[in-house]
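With PDB, C-alpha atoms and all ligand atoms inside, this is upload-v3.pdb:
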ATOM      1  CA  MET A 104     -64.955 -18.697  48.319
ATOM      2  CA  ALA A 105     -64.790 -19.541  44.702
ATOM      3  CA  ILE A 106     -62.283 -17.711  42.554
ATOM      4  CA  THR A 107     -64.053 -16.049  39.679
ATOM      5  CA  PRO A 108     -62.566 -15.285  36.271
ATOM      6  CA  ASN A 109     -61.521 -11.742  35.440
ATOM      7  CA  TYR A 110     -61.027  -9.780  32.274
ATOM      8  CA  TYR A 111     -57.450  -8.885  31.383
ATOM      9  CA  GLU A 112     -55.800  -6.895  28.669
ATOM     10  CA  THR A 113     -52.172  -7.545  27.799
ATOM     11  CA  LEU A 114     -50.149  -5.390  25.448
ATOM     12  CA  TYR A 115     -46.700  -6.575  24.451
ATOM     13  CA  ILE A 116     -44.010  -5.279  22.130
ATOM     14  CA  THR A 117     -41.993  -7.691  20.046
ATOM     15  CA  ARG A 118     -38.745  -6.833  18.343
ATOM     16  CA  PRO A 119     -39.441  -5.774  14.746
ATOM     17  CA  ASP A 120     -37.341  -8.594  13.256
ATOM     18  CA  ILE A 121     -38.918 -11.430  15.236
ATOM     19  CA  GLN A 122     -39.112 -14.769  13.404
ATOM     20  CA  GLU A 123     -42.635 -15.777  12.557
ATOM     21  CA  GLU A 124     -42.266 -19.213  14.116
ATOM     22  CA  ASP A 125     -40.961 -17.676  17.351
ATOM     23  CA  LEU A 126     -43.942 -15.381  17.521
ATOM     24  CA  ALA A 127     -46.297 -18.276  16.815
ATOM     25  CA  LYS A 128     -44.638 -20.307  19.559
ATOM     26  CA  ILE A 129     -44.999 -17.514  22.109
ATOM     27  CA  GLN A 130     -48.602 -16.872  21.175
ATOM     28  CA  GLN A 131     -49.338 -20.587  21.461
ATOM     29  CA  LYS A 132     -47.894 -20.592  24.993
ATOM     30  CA  LEU A 133     -50.047 -17.637  25.927
ATOM     31  CA  GLN A 134     -53.108 -19.338  24.556
ATOM     32  CA  ASP A 135     -52.299 -22.552  26.421
ATOM     33  CA  SER A 136     -51.898 -20.801  29.746
ATOM     34  CA  ILE A 137     -55.209 -19.045  29.250
ATOM     35  CA  SER A 138     -57.159 -22.116  28.184
ATOM     36  CA  SER A 139     -55.699 -24.175  31.036
ATOM     37  CA  ASN A 140     -57.192 -21.658  33.483
ATOM     38  CA  GLU A 141     -60.788 -21.865  32.338
ATOM     39  CA  GLY A 142     -60.184 -18.888  30.124
ATOM     40  CA  GLU A 143     -61.070 -17.712  26.682
ATOM     41  CA  ILE A 144     -59.352 -15.275  24.362
ATOM     42  CA  ILE A 145     -61.596 -12.401  23.412
ATOM     43  CA  LYS A 146     -59.180 -10.606  21.150
ATOM     44  CA  ALA A 147     -55.671 -11.313  19.914
ATOM     45  CA  ASP A 148     -54.573  -8.706  17.414
ATOM     46  CA  LYS A 149     -51.585  -6.950  16.036
ATOM     47  CA  TRP A 150     -52.186  -3.467  17.349
ATOM     48  CA  ALA A 151     -49.544  -1.408  15.598
ATOM     49  CA  GLU A 152     -46.072  -1.264  14.196
ATOM     50  CA  ARG A 153     -44.518   1.919  15.431
ATOM     51  CA  ASN A 154     -41.392   3.802  16.326
ATOM     52  CA  LEU A 155     -40.638   3.433  20.004
ATOM     53  CA  ALA A 156     -40.538   6.633  22.023
ATOM     54  CA  TYR A 157     -37.083   5.587  23.185
ATOM     55  CA  GLU A 158     -34.740   2.786  22.284
ATOM     56  CA  ILE A 159     -35.248  -0.556  24.000
ATOM     57  CA  GLN A 160     -32.407  -3.059  23.673
ATOM     58  CA  ASP A 161     -31.103  -0.956  20.764
ATOM     59  CA  HIS A 162     -34.391  -1.318  18.888
ATOM     60  CA  LYS A 163     -35.941   1.832  17.489
ATOM     61  CA  LYS A 164     -39.075   0.124  16.240
ATOM     62  CA  GLY A 165     -41.403  -2.445  17.678
ATOM     63  CA  THR A 166     -44.556  -4.358  16.891
ATOM     64  CA  TYR A 167     -47.375  -4.110  19.380
ATOM     65  CA  TYR A 168     -49.725  -7.009  19.980
ATOM     66  CA  ILE A 169     -52.834  -6.857  22.090
ATOM     67  CA  LEU A 170     -54.425  -9.758  23.898
ATOM     68  CA  VAL A 171     -57.736  -9.489  25.689
ATOM     69  CA  PHE A 172     -58.883 -12.507  27.639
ATOM     70  CA  LYS A 173     -61.167 -13.693  30.364
ATOM     71  CA  ALA A 174     -59.647 -16.197  32.741
ATOM     72  CA  LEU A 175     -58.820 -17.050  36.331
ATOM     73  CA  PRO A 176     -56.216 -14.790  37.972
ATOM     74  CA  ASN A 177     -53.602 -17.507  37.593
ATOM     75  CA  ALA A 178     -53.731 -17.140  33.819
ATOM     76  CA  SER A 179     -52.488 -13.564  33.892
ATOM     77  CA  LYS A 180     -49.574 -14.661  36.047
ATOM     78  CA  GLU A 181     -48.693 -17.424  33.607
ATOM     79  CA  VAL A 182     -49.026 -15.107  30.627
ATOM     80  CA  GLU A 183     -46.628 -12.655  32.230
ATOM     81  CA  LYS A 184     -44.251 -15.483  33.116
ATOM     82  CA  HIS A 185     -44.094 -16.582  29.480
ATOM     83  CA  LEU A 186     -43.585 -13.046  28.222
ATOM     84  CA  GLN A 187     -40.828 -12.562  30.782
ATOM     85  CA  PHE A 188     -39.165 -15.795  29.670
ATOM     86  CA  TYR A 189     -38.896 -14.619  26.049
ATOM     87  CA  ARG A 190     -37.515 -11.227  26.978
ATOM     88  CA  THR A 191     -35.094 -11.100  24.051
ATOM     89  CA  ASP A 192     -38.052 -11.157  21.657
ATOM     90  CA  ILE A 193     -40.572  -9.364  23.879
ATOM     91  CA  LEU A 194     -39.308  -5.877  24.586
ATOM     92  CA  ARG A 195     -42.079  -4.792  26.953
ATOM     93  CA  PHE A 196     -45.387  -6.092  28.213
ATOM     94  CA  ILE A 197     -48.121  -4.853  30.475
ATOM     95  CA  THR A 198     -51.209  -6.607  31.784
ATOM     96  CA  LEU A 199     -54.128  -4.688  33.165
ATOM     97  CA  LYS A 200     -57.359  -5.887  34.630
ATOM     98  CA  THR A 201     -60.373  -4.610  32.745
ATOM     99  CA  THR A 202     -64.089  -4.986  33.073
ATOM    100  CA  GLU A 203     -66.649  -6.689  30.935
ATOM    101  CA  GLU A 204     -68.239  -3.319  30.144
ATOM    102  CA  ALA A 205     -64.947  -1.867  28.935
ATOM    103  CA  VAL A 206     -64.334  -4.896  26.728
ATOM    104  CA  ASN A 207     -67.796  -4.674  25.204
ATOM    105  CA  LYS A 208     -67.495  -0.925  24.755
ATOM    106  CA  ASN A 209     -64.201  -1.335  22.913
ATOM    107  CA  LYS A 210     -65.723  -3.983  20.707
ATOM    108  CA  ALA A 211     -68.626  -1.718  19.839
ATOM    109  CA  SER A 212     -66.418   1.277  19.103
ATOM    110  CA  GLU A 213     -64.166  -0.818  16.895
ATOM    111  CA  GLU A 214     -67.107  -2.059  14.899
ATOM    112  CA  LYS A 215     -68.218   1.537  14.509
ATOM    113  CA  LYS A 216     -64.731   2.508  13.374
ATOM    114  CA  GLU A 217     -64.739  -0.177  10.727
ATOM    115  CA  LYS A 218     -68.030   1.161   9.442
ATOM    116  CA  THR A 219     -66.905   4.796   9.362
ATOM    117  CA  GLU A 220     -63.455   4.163   7.934
ATOM    118  CA  PRO A 221     -64.517   3.351   4.357
ATOM    119  CA  THR A 222     -66.696   6.482   4.227
ATOM    120  CA  THR A 223     -63.860   8.801   5.284
ATOM    121  CA  PRO A 224     -60.868   8.040   3.064
ATOM    122  CA  THR A 225     -59.115  11.434   3.404
ATOM    123  CA  PRO A 226     -58.956  12.119   7.196
ATOM    124  CA  PRO A 227     -56.893   9.029   8.187
ATOM    125  CA  PRO A 228     -53.489  10.417   7.082
ATOM    126  CA  ALA A 229     -54.057  13.461   9.286
ATOM    127  CA  ALA A 230     -55.196  11.708  12.467
ATOM    128  CA  PRO A 231     -55.782   7.986  12.078
ATOM    129  CA  PRO A 232     -55.822   6.691  15.691
ATOM    130  CA  THR A 233     -58.530   8.960  17.114
ATOM    131  CA  THR A 234     -61.996   8.825  15.720
ATOM    132  CA  THR A 235     -63.016  11.867  17.750
ATOM    133  CA  ALA A 236     -60.242  13.995  16.288
ATOM    134  CA  ALA A 237     -61.092  13.079  12.717
ATOM    135  CA  PRO A 238     -64.251  15.182  12.430
ATOM    136  CA  THR A 239     -62.438  18.350  13.537
ATOM    137  CA  PRO A 240     -59.703  18.609  10.859
ATOM    138  CA  PRO A 241     -62.167  19.246   7.987
ATOM    139  CA  PRO A 242     -63.515  22.501   9.505
ATOM    140  CA  ALA A 243     -59.926  23.555  10.099
ATOM    141  CA  ALA A 244     -59.107  23.330   6.419
ATOM    142  CA  PRO A 245     -61.290  26.240   5.307
ATOM    143  CA  GLU A 246     -60.024  28.318   8.235
ATOM    144  CA  PRO A 247     -56.460  29.121   7.039
ATOM    145  CA  PRO A 248     -57.662  32.099   4.966
ATOM    146  CA  THR A 249     -59.116  33.682   8.117
ATOM    147  CA  ALA A 250     -56.097  32.716  10.195
ATOM    148  CA  ALA A 251     -53.601  34.170   7.725
ATOM    149  CA  PRO A 252     -54.915  37.758   7.643
ATOM    150  CA  GLU A 253     -55.234  37.622  11.426
ATOM    151  CA  PRO A 254     -51.726  38.013  12.805
ATOM    152  CA  PRO A 255     -52.903  40.591  15.393
ATOM    153  CA  PRO A 256     -54.030  37.998  17.987
ATOM    154  CA  ALA A 257     -50.521  36.606  18.101
ATOM    155  CA  ALA A 258     -48.743  39.942  17.851
ATOM    156  CA  PRO A 259     -50.519  41.801  20.700
ATOM    157  CA  GLU A 260     -48.925  39.526  23.254
ATOM    158  CA  PRO A 261     -45.465  41.128  23.250
ATOM    159  CA  PRO A 262     -46.984  44.641  23.584
ATOM    160  CA  THR A 263     -49.031  43.587  26.629
ATOM    161  CA  ALA A 264     -45.933  42.079  28.141
ATOM    162  CA  ALA A 265     -43.954  45.261  27.618
ATOM    163  CA  PRO A 266     -46.275  47.797  29.306
ATOM    164  CA  GLU A 267     -46.725  45.452  32.222
ATOM    165  CA  PRO A 268     -43.307  44.263  33.268
ATOM    166  CA  ALA A 269     -44.638  43.391  36.720
ATOM    167  CA  ALA A 270     -46.796  40.615  35.306
ATOM    168  CA  THR A 271     -44.329  38.891  33.009
ATOM    169  CA  PRO A 272     -41.270  38.264  35.210
ATOM    170  CA  PRO A 273     -43.121  36.090  37.741
ATOM    171  CA  THR A 274     -44.340  33.773  34.964
ATOM    172  CA  GLU A 275     -40.964  33.594  33.294
ATOM    173  CA  ALA A 276     -38.869  33.196  36.399
ATOM    174  CA  PRO A 277     -40.460  30.013  37.819
ATOM    175  CA  ALA A 278     -40.336  28.399  34.377
ATOM    176  CA  SER A 279     -36.632  29.018  33.981
ATOM    177  CA  THR A 280     -35.796  27.723  37.445
ATOM    178  CA  GLU A 281     -37.959  24.704  36.803
ATOM    179  CA  GLU A 282     -36.115  24.066  33.586
ATOM    180  CA  ALA A 283     -32.793  24.398  35.313
ATOM    181  CA  LYS A 284     -33.965  21.961  37.957
ATOM    182  CA  THR A 285     -35.037  19.339  35.447
ATOM    183  CA  GLU A 286     -31.787  19.673  33.561
ATOM    184  CA  ASN A 287     -29.865  19.093  36.743
ATOM    185  CA  THR A 288     -31.803  16.033  37.748
ATOM    186  CA  ASP A 289     -31.621  14.660  34.218
ATOM    187  CA  THR A 290     -27.880  14.948  34.020
ATOM    188  CA  GLN A 291     -27.573  13.438  37.458
ATOM    189  CA  GLU A 292     -29.673  10.485  36.435
ATOM    190  CA  GLU A 293     -27.677  10.079  33.290
ATOM    191  CA  GLY A 294     -24.449  10.083  35.215
ATOM    192  CA  GLY A 295     -25.832   7.478  37.572
ATOM    193  CA  THR A 296     -26.913   5.077  34.835
ATOM    194  CA  ASN A 297     -23.719   5.471  32.887
TER     195      ASN A 297
ATOM    196  CA  MET B 150     -68.534  40.435  40.833
ATOM    197  CA  ASP B 151     -67.051  41.297  37.453
ATOM    198  CA  SER B 152     -63.526  41.274  38.794
ATOM    199  CA  ARG B 153     -62.779  38.092  36.926
ATOM    200  CA  ARG B 154     -63.573  39.762  33.617
ATOM    201  CA  ASP B 155     -61.485  42.822  34.462
ATOM    202  CA  ARG B 156     -58.407  40.768  35.077
ATOM    203  CA  ARG B 157     -55.464  41.604  32.857
ATOM    204  CA  PHE B 158     -55.014  38.019  31.806
ATOM    205  CA  PHE B 159     -58.189  36.416  30.706
ATOM    206  CA  SER B 160     -58.630  33.068  32.361
ATOM    207  CA  LYS B 161     -61.456  30.857  31.338
ATOM    208  CA  LYS B 162     -63.069  28.844  34.092
ATOM    209  CA  LYS B 163     -61.932  25.322  33.289
ATOM    210  CA  VAL B 164     -64.040  22.267  33.869
ATOM    211  CA  CYS B 165     -62.499  18.827  33.897
ATOM    212  CA  ARG B 166     -62.595  17.497  30.354
ATOM    213  CA  PHE B 167     -62.891  13.910  31.470
ATOM    214  CA  CYS B 168     -65.899  14.695  33.656
ATOM    215  CA  THR B 169     -67.765  16.674  31.012
ATOM    216  CA  GLU B 170     -66.931  14.655  27.925
ATOM    217  CA  SER B 171     -67.199  10.913  28.035
ATOM    218  CA  ILE B 172     -63.626  10.068  27.069
ATOM    219  CA  GLU B 173     -61.984   6.965  28.406
ATOM    220  CA  MET B 174     -58.491   7.422  29.761
ATOM    221  CA  ASP B 175     -56.458   4.792  27.942
ATOM    222  CA  TYR B 176     -52.709   4.420  27.921
ATOM    223  CA  LYS B 177     -52.892   3.411  24.257
ATOM    224  CA  ASN B 178     -54.533   6.689  23.232
ATOM    225  CA  VAL B 179     -51.300   8.528  22.527
ATOM    226  CA  ASP B 180     -52.909  11.451  20.720
ATOM    227  CA  LEU B 181     -55.069  12.265  23.705
ATOM    228  CA  LEU B 182     -52.334  11.849  26.304
ATOM    229  CA  SER B 183     -49.770  13.873  24.361
ATOM    230  CA  ARG B 184     -52.014  16.895  24.840
ATOM    231  CA  PHE B 185     -51.291  16.618  28.561
ATOM    232  CA  ILE B 186     -47.514  16.640  28.411
ATOM    233  CA  THR B 187     -45.263  19.664  28.114
ATOM    234  CA  ASP B 188     -42.569  20.399  25.528
ATOM    235  CA  ARG B 189     -40.130  18.765  27.875
ATOM    236  CA  LYS B 190     -42.406  15.728  28.114
ATOM    237  CA  LYS B 191     -43.435  16.377  31.690
ATOM    238  CA  ILE B 192     -46.973  15.741  32.856
ATOM    239  CA  VAL B 193     -48.951  18.972  32.755
ATOM    240  CA  PRO B 194     -49.837  20.137  36.272
ATOM    241  CA  ARG B 195     -53.420  20.374  37.356
ATOM    242  CA  ARG B 196     -53.431  24.181  37.266
ATOM    243  CA  ASN B 197     -52.816  23.975  33.522
ATOM    244  CA  SER B 198     -54.645  20.808  32.602
ATOM    245  CA  GLY B 199     -57.787  21.923  34.421
ATOM    246  CA  LEU B 200     -58.591  18.396  35.501
ATOM    247  CA  CYS B 201     -60.247  17.397  38.738
ATOM    248  CA  ALA B 202     -58.210  15.614  41.391
ATOM    249  CA  TYR B 203     -59.547  12.203  40.480
ATOM    250  CA  HIS B 204     -58.845  12.506  36.775
ATOM    251  CA  GLN B 205     -55.470  14.176  37.265
ATOM    252  CA  ARG B 206     -54.393  11.193  39.326
ATOM    253  CA  GLN B 207     -55.753   8.850  36.690
ATOM    254  CA  LEU B 208     -53.986  10.834  33.969
ATOM    255  CA  SER B 209     -50.716  10.576  35.828
ATOM    256  CA  THR B 210     -50.776   6.776  36.070
ATOM    257  CA  THR B 211     -52.049   6.463  32.507
ATOM    258  CA  ILE B 212     -49.196   8.560  31.133
ATOM    259  CA  LYS B 213     -46.718   6.536  33.152
ATOM    260  CA  ARG B 214     -48.079   3.314  31.691
ATOM    261  CA  SER B 215     -47.831   4.819  28.261
ATOM    262  CA  ARG B 216     -44.225   5.775  28.901
ATOM    263  CA  PHE B 217     -43.384   2.297  30.077
ATOM    264  CA  MET B 218     -44.718   0.869  26.845
ATOM    265  CA  ALA B 219     -42.569   3.324  24.866
ATOM    266  CA  LEU B 220     -45.633   5.073  23.489
ATOM    267  CA  LEU B 221     -44.570   8.331  25.121
ATOM    268  CA  PRO B 222     -41.062   9.464  26.017
ATOM    269  CA  TYR B 223     -39.918  10.004  29.589
ATOM    270  CA  THR B 224     -37.773  12.968  28.602
ATOM    271  CA  VAL B 225     -36.475  14.834  25.578
ATOM    272  CA  LEU B 226     -32.987  13.527  26.277
ATOM    273  CA  HIS B 227     -33.462   9.935  25.100
TER     274      HIS B 227
HETATM  275 ZN    ZN C   1     -62.761  14.850  36.284
END
As a first step, turn the structure in this file into structure tokens.
Ligand SMILES: [Zn+2]
Amino acid sequence: MAITPNYYETLYITRPDIQEEDLAKIQQKLQDSISSNEGEIIKADKWAERNLAYEIQDHKKGTYYILVFKALPNASKEVEKHLQFYRTDILRFITLKTTEEAVNKNKASEEKKEKTEPTTPTPPPAAPPTTTAAPTPPPAAPEPPTAAPEPPPAAPEPPTAAPEPAATPPTEAPASTEEAKTENTDTQEEGGTN
Amino acid sequence: MDSRRDRRFFSKKKVCRFCTESIEMDYKNVDLLSRFITDRKKIVPRRNSGLCAYHQRQLSTTIKRSRFMALLPYTVLH
């Protein structure tokens, strides 16, 4: 049976202070391994420069690059091999198989985004990554006046908790034990790694 | 019959968001995923997220991918 090409999406994080020529060299290797496996690159972009959720190799920031390609399965293996080889520069990488539909859908939504972005200059600072979230903030802006004179909805909660002591303890108790549990496991893990 | 309405604590019948709305679960969509993690960065359980079994499972792996790529934290203790 013939091996057919698949669609893959690779996301990798480089250290923020990577040398340009090093990055170019790595990207060239990736491209070579794709093209040598009957593949084509559909998208090779810098996705974002962001603060990492946790430190990796003492780096607090990283630059994310995305690579979408269509190639034989061997190509994804080679791509991962190259990324693994340059692990001092590449902090993390992940390759996922995608479908043609997903790739096309993403393309279409990105084109849409580009069209809508110039028309909406103010929303981006509030919620730039999600296009679906952008339309909602504007209606929220006029709301504050109504929200400010309406402290009752928040206040009634303590009163309801007080007259009904039977209802509140069960909800509080499991939460506190759960918290205690997580703290225990966390400290254990920490002790193990240290 | 109306017992649900008479309940002390109003609980809205939840329908899986990913079934009703056509949102793709993507590990790069941090804003969406962060709505499904708790203050302590744990994955929200199904009883609170209101997701169906299929999408809860999908959410779980998606969040884990996101954590691996340092887009979401594993814990508050980092
Ligand atoms: Zn669902």
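Put simply, atom CA of Asp148 of chain A is 17.3 Å away from atom CA of Ser179 of chain A.
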I need the chain A residues near chain B as a ChimeraX atom specification; criterion: at most 6 Å, counting only C-alpha atoms. /A:155-157
Could you tell me which residues the PyMOL selection byres (((chain A and resi 121-124) around 12) and not hetatm) returns for this structure, as number ranges by chain? A: 116-120, 125-131, 162, 164-167, 189-194
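Across the model, the gap from atom CA of Leu133 of chain A to atom CA of Thr107 of chain A is 19.7 Å.
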Within-9 Å residues of ligand ZN 1 (chain C), basis only C-alpha atoms and all ligand atoms, as a ChimeraX atom specification: /B:164-169,199-205
List every protein, DNA or RNA residue that has an atom no more than 10 Å from (-56.7, -16.3, 36.6) in the file's coordinate frame, counting only C-alpha atoms, and report them as an MDAnalysis selection string. chainID A and resid 106:111 136:137 139:142 172:182
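Separating atom CA of Glu183 of chain A from atom CA of Glu214 of chain A is a distance of 28.8 Å.
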